[in-house]
file protein-v2.txt (compact mmCIF, C-alpha atoms)
# COMPACT_ATOMS: atom_id res chain seq x y z
CA MET D 56 -0.67 7.28 -39.90
CA THR D 57 2.73 8.92 -39.62
CA SER D 58 5.97 7.01 -39.20
CA ALA D 59 6.43 8.52 -35.73
CA THR D 60 3.05 7.16 -34.64
CA VAL D 61 3.87 3.71 -36.01
CA THR D 62 7.23 3.73 -34.23
CA LYS D 63 5.62 4.74 -30.93
CA SER D 64 2.99 2.01 -31.23
CA GLN D 65 5.69 -0.54 -32.00
CA GLU D 66 7.68 0.53 -28.95
CA LYS D 67 4.62 0.11 -26.75
CA ALA D 68 3.97 -3.34 -28.20
CA ASP D 69 7.59 -4.38 -27.64
CA LEU D 70 7.52 -3.07 -24.07
CA LYS D 71 4.33 -5.01 -23.38
CA LYS D 72 5.92 -8.19 -24.72
CA VAL D 73 8.93 -7.71 -22.46
CA LYS D 74 6.70 -7.13 -19.41
CA ASP D 75 4.56 -10.17 -20.25
CA SER D 76 7.62 -12.37 -20.62
CA ARG D 77 9.02 -11.17 -17.30
CA PHE D 78 5.65 -11.74 -15.61
CA THR D 79 5.47 -15.27 -16.98
CA LYS D 80 9.04 -15.99 -15.87
CA TRP D 81 8.61 -14.76 -12.30
CA SER D 82 5.16 -16.33 -12.00
CA ALA D 83 6.67 -19.67 -12.96
CA ILE D 84 9.39 -19.24 -10.35
CA SER D 85 6.79 -18.36 -7.68
CA LEU D 86 4.73 -21.42 -8.60
CA ALA D 87 7.82 -23.62 -8.40
CA SER D 88 8.60 -22.13 -4.99
CA VAL D 89 5.12 -22.97 -3.69
CA ILE D 90 5.26 -26.52 -5.04
CA GLY D 91 8.74 -26.98 -3.59
CA GLY D 92 7.60 -25.73 -0.18
CA ILE D 93 4.66 -28.14 -0.14
CA GLY D 94 7.02 -30.93 -1.19
CA LEU D 95 9.38 -30.18 1.70
CA TRP D 96 6.44 -30.09 4.09
CA TRP D 97 5.27 -33.47 2.80
CA LEU D 98 8.77 -34.92 3.15
CA ALA D 99 9.10 -33.61 6.71
CA SER D 100 5.74 -35.14 7.62
CA ILE D 101 6.95 -38.56 6.43
CA PHE D 102 9.80 -38.47 8.96
CA ASN D 103 7.55 -37.04 11.73
CA PRO D 104 4.20 -38.78 11.19
CA GLY D 105 3.11 -38.49 14.80
CA THR D 106 3.62 -34.75 15.24
CA LEU D 107 3.51 -33.19 11.77
CA PRO D 108 0.49 -33.91 9.54
CA GLY D 109 1.20 -33.99 5.82
CA PRO D 110 -0.74 -32.20 3.07
CA PRO D 111 -3.09 -35.19 2.48
CA GLN D 112 -4.13 -35.26 6.14
CA VAL D 113 -4.69 -31.51 6.21
CA VAL D 114 -6.73 -31.61 2.98
CA ALA D 115 -8.84 -34.47 4.39
CA LYS D 116 -9.47 -32.50 7.58
CA TYR D 117 -10.27 -29.41 5.51
CA ILE D 118 -12.91 -31.33 3.55
CA ASP D 119 -14.31 -32.80 6.76
CA LEU D 120 -14.69 -29.39 8.41
CA LEU D 121 -16.17 -27.83 5.28
CA SER D 122 -18.66 -30.58 4.51
CA GLY D 123 -19.53 -31.65 8.06
CA PRO D 124 -23.10 -31.42 9.34
CA LYS D 125 -22.47 -28.11 11.12
CA TYR D 126 -20.16 -26.52 8.48
CA LEU D 127 -17.90 -25.34 11.30
CA LEU D 128 -15.08 -24.04 9.13
CA VAL D 129 -17.44 -22.00 6.95
CA PHE D 130 -18.83 -20.11 9.95
CA ASP D 131 -15.34 -19.70 11.41
CA ILE D 132 -14.03 -18.20 8.18
CA LEU D 133 -16.99 -15.84 7.86
CA ALA D 134 -16.65 -14.70 11.48
CA SER D 135 -12.91 -14.02 11.14
CA LEU D 136 -13.27 -12.26 7.80
CA ARG D 137 -16.04 -10.06 9.18
CA ARG D 138 -13.87 -8.98 12.09
CA VAL D 139 -10.79 -8.39 9.94
CA PHE D 140 -12.62 -6.38 7.28
CA LEU D 141 -14.51 -4.28 9.80
CA GLY D 142 -11.49 -3.48 11.96
CA PHE D 143 -9.17 -2.94 9.00
CA PHE D 144 -11.50 -0.58 7.15
CA ILE D 145 -12.35 1.42 10.26
CA GLY D 146 -8.70 1.67 11.32
CA SER D 147 -7.30 2.58 7.90
CA GLY D 148 -10.28 4.84 7.15
CA LEU D 149 -9.46 6.91 10.24
CA ALA D 150 -5.68 6.72 9.84
CA ILE D 151 -5.35 8.03 6.29
CA PRO D 152 -7.04 11.44 6.77
CA LEU D 153 -5.42 11.91 10.18
CA GLY D 154 -2.04 10.95 8.73
CA PHE D 155 -2.45 13.53 5.98
CA ALA D 156 -3.47 16.16 8.54
CA MET D 157 -0.44 15.34 10.71
CA GLY D 158 1.94 15.62 7.78
CA TRP D 159 0.42 18.77 6.29
CA TYR D 160 -0.46 20.85 9.36
CA ARG D 161 2.11 21.25 12.14
CA PRO D 162 -0.46 22.10 14.86
CA VAL D 163 -2.28 18.83 14.15
CA ARG D 164 1.04 16.99 14.20
CA ALA D 165 1.94 18.54 17.55
CA ILE D 166 -1.35 17.33 19.05
CA ILE D 167 -1.65 13.83 17.56
CA GLU D 168 1.92 12.62 17.06
CA PRO D 169 2.83 12.16 20.76
CA TRP D 170 -0.25 10.02 21.32
CA THR D 171 0.38 8.05 18.16
CA GLN D 172 3.95 7.29 19.17
CA PHE D 173 2.85 6.45 22.71
CA PHE D 174 0.26 3.89 21.65
CA ARG D 175 2.49 2.57 18.87
CA THR D 176 4.94 1.27 21.47
CA ILE D 177 2.15 -0.65 23.21
CA PRO D 178 1.34 -3.93 21.44
CA PRO D 179 -2.37 -4.10 20.57
CA LEU D 180 -2.40 -7.55 22.16
CA ALA D 181 -1.64 -5.92 25.51
CA ILE D 182 -4.87 -3.90 25.17
CA ILE D 183 -7.02 -7.02 24.82
CA PRO D 184 -7.53 -7.61 28.59
CA LEU D 185 -8.50 -3.96 29.09
CA ALA D 186 -10.81 -4.07 26.06
CA LEU D 187 -12.52 -7.14 27.49
CA VAL D 188 -13.08 -5.36 30.80
CA PHE D 189 -14.63 -2.25 29.25
CA LEU D 190 -16.30 -3.70 26.14
CA GLY D 191 -17.30 -7.17 27.29
CA ILE D 192 -16.71 -10.44 25.49
CA GLY D 193 -18.77 -9.74 22.35
CA GLU D 194 -17.59 -8.52 18.98
CA GLU D 195 -16.68 -5.02 20.16
CA PRO D 196 -13.32 -5.79 21.86
CA LYS D 197 -12.13 -7.92 18.92
CA VAL D 198 -13.00 -5.26 16.35
CA PHE D 199 -11.51 -2.56 18.59
CA VAL D 200 -8.07 -4.15 18.90
CA ILE D 201 -8.00 -4.92 15.15
CA THR D 202 -8.96 -1.31 14.43
CA LEU D 203 -6.21 -0.07 16.73
CA ALA D 204 -3.58 -2.33 15.15
CA SER D 205 -4.48 -1.25 11.60
CA PHE D 206 -4.80 2.41 12.60
CA LEU D 207 -1.37 2.72 14.20
CA VAL D 208 0.48 1.15 11.27
CA THR D 209 -1.39 3.06 8.56
CA ILE D 210 -1.24 6.49 10.21
CA ILE D 211 2.54 6.29 10.59
CA ALA D 212 2.95 5.26 6.93
CA THR D 213 0.63 8.05 5.72
CA PHE D 214 2.36 10.64 7.88
CA GLY D 215 5.76 9.49 6.59
CA GLY D 216 4.55 9.75 3.01
CA VAL D 217 3.36 13.34 3.42
CA VAL D 218 6.46 14.65 5.21
CA ASN D 219 8.71 13.01 2.62
CA VAL D 220 7.10 14.67 -0.39
CA ASP D 221 9.81 16.28 -2.50
CA ARG D 222 9.97 19.96 -1.58
CA THR D 223 11.02 20.78 -5.13
CA LEU D 224 7.63 19.64 -6.40
CA ILE D 225 5.82 21.75 -3.80
CA ASN D 226 7.92 24.82 -4.56
CA ALA D 227 7.39 24.33 -8.29
CA GLY D 228 3.63 24.22 -7.70
CA ARG D 229 3.76 27.46 -5.72
CA VAL D 230 5.83 29.15 -8.43
CA LEU D 231 3.21 28.13 -10.99
CA GLY D 232 0.50 29.77 -8.86
CA ALA D 233 -1.11 26.69 -7.32
CA ASN D 234 -2.85 27.19 -3.99
CA ASP D 235 -2.41 24.93 -0.96
CA TRP D 236 -5.43 22.76 -1.78
CA THR D 237 -4.23 22.18 -5.36
CA ILE D 238 -0.71 21.34 -4.18
CA PHE D 239 -2.09 18.97 -1.58
CA ARG D 240 -4.47 17.27 -4.02
CA ARG D 241 -2.23 17.13 -7.09
CA ILE D 242 1.22 16.70 -5.50
CA ALA D 243 1.09 15.55 -1.88
CA VAL D 244 -1.60 12.89 -2.26
CA PRO D 245 -0.12 11.13 -5.33
CA ALA D 246 3.42 11.32 -3.93
CA SER D 247 2.26 9.80 -0.63
CA MET D 248 0.30 6.97 -2.22
CA PRO D 249 3.20 4.43 -2.29
CA PHE D 250 3.74 4.97 1.45
CA ILE D 251 0.02 4.61 2.14
CA MET D 252 -0.24 1.35 0.22
CA VAL D 253 2.72 -0.08 2.12
CA GLY D 254 1.04 0.98 5.36
CA LEU D 255 -2.22 -0.66 4.31
CA ARG D 256 -0.46 -3.94 3.55
CA GLN D 257 1.31 -3.85 6.90
CA GLY D 258 -1.93 -2.88 8.62
CA LEU D 259 -3.64 -5.87 7.04
CA GLY D 260 -0.98 -8.20 8.44
CA SER D 261 -1.36 -6.62 11.87
CA ALA D 262 -5.12 -7.03 11.64
CA TRP D 263 -4.82 -10.78 11.03
CA ALA D 264 -2.25 -11.24 13.79
CA THR D 265 -4.36 -9.31 16.29
CA LEU D 266 -7.54 -11.12 15.25
CA VAL D 267 -6.12 -14.56 15.96
CA ALA D 268 -4.86 -13.46 19.38
CA ALA D 269 -8.24 -11.90 20.23
CA GLU D 270 -10.08 -15.05 19.19
CA LEU D 271 -7.74 -17.16 21.29
CA ILE D 272 -8.76 -15.22 24.38
CA ALA D 273 -12.51 -14.72 24.03
CA ALA D 274 -14.57 -16.06 21.13
CA GLN D 275 -17.16 -18.69 20.35
CA GLU D 276 -16.34 -18.92 16.66
CA GLY D 277 -13.51 -17.95 14.35
CA LEU D 278 -10.28 -19.45 13.08
CA GLY D 279 -8.35 -18.57 16.22
CA PHE D 280 -11.04 -20.09 18.41
CA ARG D 281 -11.05 -23.27 16.31
CA MET D 282 -7.28 -23.58 16.58
CA GLN D 283 -7.40 -23.14 20.35
CA ALA D 284 -10.10 -25.80 20.67
CA ALA D 285 -8.04 -28.15 18.50
CA GLN D 286 -5.00 -27.59 20.72
CA ILE D 287 -6.88 -28.90 23.75
CA TYR D 288 -7.57 -32.22 22.00
CA TYR D 289 -4.18 -32.34 20.26
CA ASP D 290 -5.95 -32.12 16.89
CA ILE D 291 -2.93 -30.90 14.91
CA PRO D 292 -4.53 -31.24 11.43
CA THR D 293 -7.24 -28.76 12.47
CA ILE D 294 -4.56 -26.33 13.67
CA PHE D 295 -2.88 -26.61 10.28
CA VAL D 296 -6.23 -26.03 8.58
CA GLY D 297 -6.54 -22.75 10.49
CA LEU D 298 -2.98 -21.71 9.66
CA VAL D 299 -3.34 -22.50 5.97
CA THR D 300 -6.71 -20.74 5.77
CA ILE D 301 -5.35 -17.58 7.38
CA GLY D 302 -2.32 -17.66 5.10
CA VAL D 303 -4.39 -18.13 1.94
CA PHE D 304 -6.90 -15.38 2.73
CA GLY D 305 -4.12 -13.07 3.90
CA LEU D 306 -2.23 -13.67 0.67
CA ILE D 307 -5.32 -13.02 -1.46
CA MET D 308 -6.05 -9.77 0.37
CA ASP D 309 -2.43 -8.67 0.16
CA ARG D 310 -2.29 -9.37 -3.59
CA THR D 311 -5.49 -7.39 -4.00
CA LEU D 312 -3.89 -4.40 -2.28
CA LEU D 313 -0.79 -4.90 -4.41
CA TRP D 314 -2.92 -4.80 -7.57
CA ILE D 315 -4.63 -1.61 -6.36
CA ASP D 316 -1.19 -0.19 -5.61
CA GLY D 317 -0.12 -0.89 -9.18
CA LYS D 318 -3.14 0.97 -10.52
CA LEU D 319 -2.80 3.98 -8.23
CA THR D 320 0.98 4.33 -8.58
CA SER D 321 1.45 3.31 -12.21
CA TRP D 322 3.67 6.37 -12.65
CA GLN D 323 6.25 4.96 -10.25
CA GLU D 324 9.26 3.13 -11.65
CA ARG D 325 9.47 -0.46 -10.42
CA ARG D 326 12.17 -3.08 -10.47

call {"tool": "encode", "arguments": {"input": "protein-v2.txt", "output": "structure tokens"}}
result
Amino acid sequence: MTSATVTKSQEKADLKKVKDSRFTKWSAISLASVIGGIGLWWLASIFNPGTLPGPPQVVAKYIDLLSGPKYLLVFDILASLRRVFLGFFIGSGLAIPLGFAMGWYRPVRAIIEPWTQFFRTIPPLAIIPLALVFLGIGEEPKVFVITLASFLVTIIATFGGVVNVDRTLINAGRVLGANDWTIFRRIAVPASMPFIMVGLRQGLGSAWATLVAAELIAAQEGLGFRMQAAQIYYDIPTIFVGLVTIGVFGLIMDRTLLWIDGKLTSWQERR
């Protein structure tokens, strides 16, 4: 083994140690932030016992809903996750190729962009009454509005990623003899990936927000439906159970997308 190889290996090992130490440091800070937030919540509940349930009350209600005879929370979580996953994957699955087509081909952009911008200014929640009229009160209107919310966010992010690809890279590819397909596949797609991942994370947040609103209007199960039912009986702990559950699952899904982003855009410099 040459000295240059040894030096390179040592540099990689040192860099890994630095990254690991930074990860441990910021993870500890994040953990302290979460614990501190729960502590403040607990303290606030002590001074407002009648209106703000504390963590122990919410945990007790959580256990009650999970282990009750009808396992209500389990079915609510499964129903909401099914709607979110289905709408999110359909919406983003349609948005990414259309966003690439809009950014790469001007005729496609001229046809699709006006409609995209038109519907983007209309909140998906405003479409819910119309969706209920045309699609009924089953699963279709809920999945439709989630699909629309995810689609509009992701297509704009994908389109922005393609049109912002560095022209120098494209011109360099043409000088080297690459055809349009090669430039698109080897330059445009990788360069757009950070924008797409940001759009997917935003689309996921929009999917959750739209889901809860849809379940508040017309549903027989789901986290939004359970929170609405709890509101009628002033069951605040159950409302908090729904909020915490949505936040936890949303955070897990967002971190999963963030991990995928790190794998797909490992070439990108990060702070």

call {"tool": "closest_atom_pairs", "arguments": {"input": "protein-v2.txt", "of": "stretch 138-172 of chain D", "to": "stretch 256-261 of chain D", "cutoff": "12 Å", "atoms": "only C-alpha atoms", "output": "Markdown table"}}
result
| residue | atom | partner | partner_atom | distance |
| --- | --- | --- | --- | --- |
| D:Arg138 | CA | D:Leu259 | CA | 11.8 |
| D:Val139 | CA | D:Leu259 | CA | 8.1 |
| D:Phe140 | CA | D:Leu259 | CA | 9.0 |
| D:Leu141 | CA | D:Leu259 | CA | 11.3 |
| D:Gly142 | CA | D:Leu259 | CA | 9.6 |
| D:Phe143 | CA | D:Leu259 | CA | 6.6 |
| D:Phe144 | CA | D:Leu259 | CA | 9.5 |
| D:Ile145 | CA | D:Gly258 | CA | 11.4 |
| D:Gly146 | CA | D:Gly258 | CA | 8.6 |
| D:Ser147 | CA | D:Gly258 | CA | 7.7 |
| D:Gly148 | CA | D:Gly258 | CA | 11.5 |
| D:Ala150 | CA | D:Gly258 | CA | 10.4 |
| D:Ile151 | CA | D:Gly258 | CA | 11.7 |

call {"tool": "residues_around", "arguments": {"input": "protein-v2.txt", "residues": "stretch 165-171 of chain D", "least_positions_apart": "2", "cutoff": "10 Å", "atoms": "all atoms listed in the file", "output": "PyMOL selection string"}}
result
chain D and resi 153-154+156-158+160-163+173-176+206-208+210-211+214

call {"tool": "residues_around", "arguments": {"input": "protein-v2.txt", "residues": "D:Val114", "least_positions_apart": "3", "cutoff": "12 Å", "atoms": "only C-alpha atoms", "output": "list in words"}}
result
Pro108, Gly109, Pro110, Pro111, Tyr117, Ile118, Asp119, Leu120, Leu121, Pro292, Thr293, Phe295, Val296, Gly297, Val299 and Thr300 of chain D

call {"tool": "atom_distance", "arguments": {"input": "protein-v2.txt", "atom1": "atom CA of D:Ile242", "atom2": "atom CA of D:Gly216"}}
result
11.5 Å

call {"tool": "atom_distance", "arguments": {"input": "protein-v2.txt", "atom1": "atom CA of D:Met282", "atom2": "atom CA of D:Arg310"}}
result
25.2 Å

call {"tool": "closest_residue", "arguments": {"input": "protein-v2.txt", "among": "D:Ile291, D:Leu187, D:Gln275, D:Thr209", "to": "D:Leu107", "atoms": "all atoms listed in the file"}}
result
D:Ile291
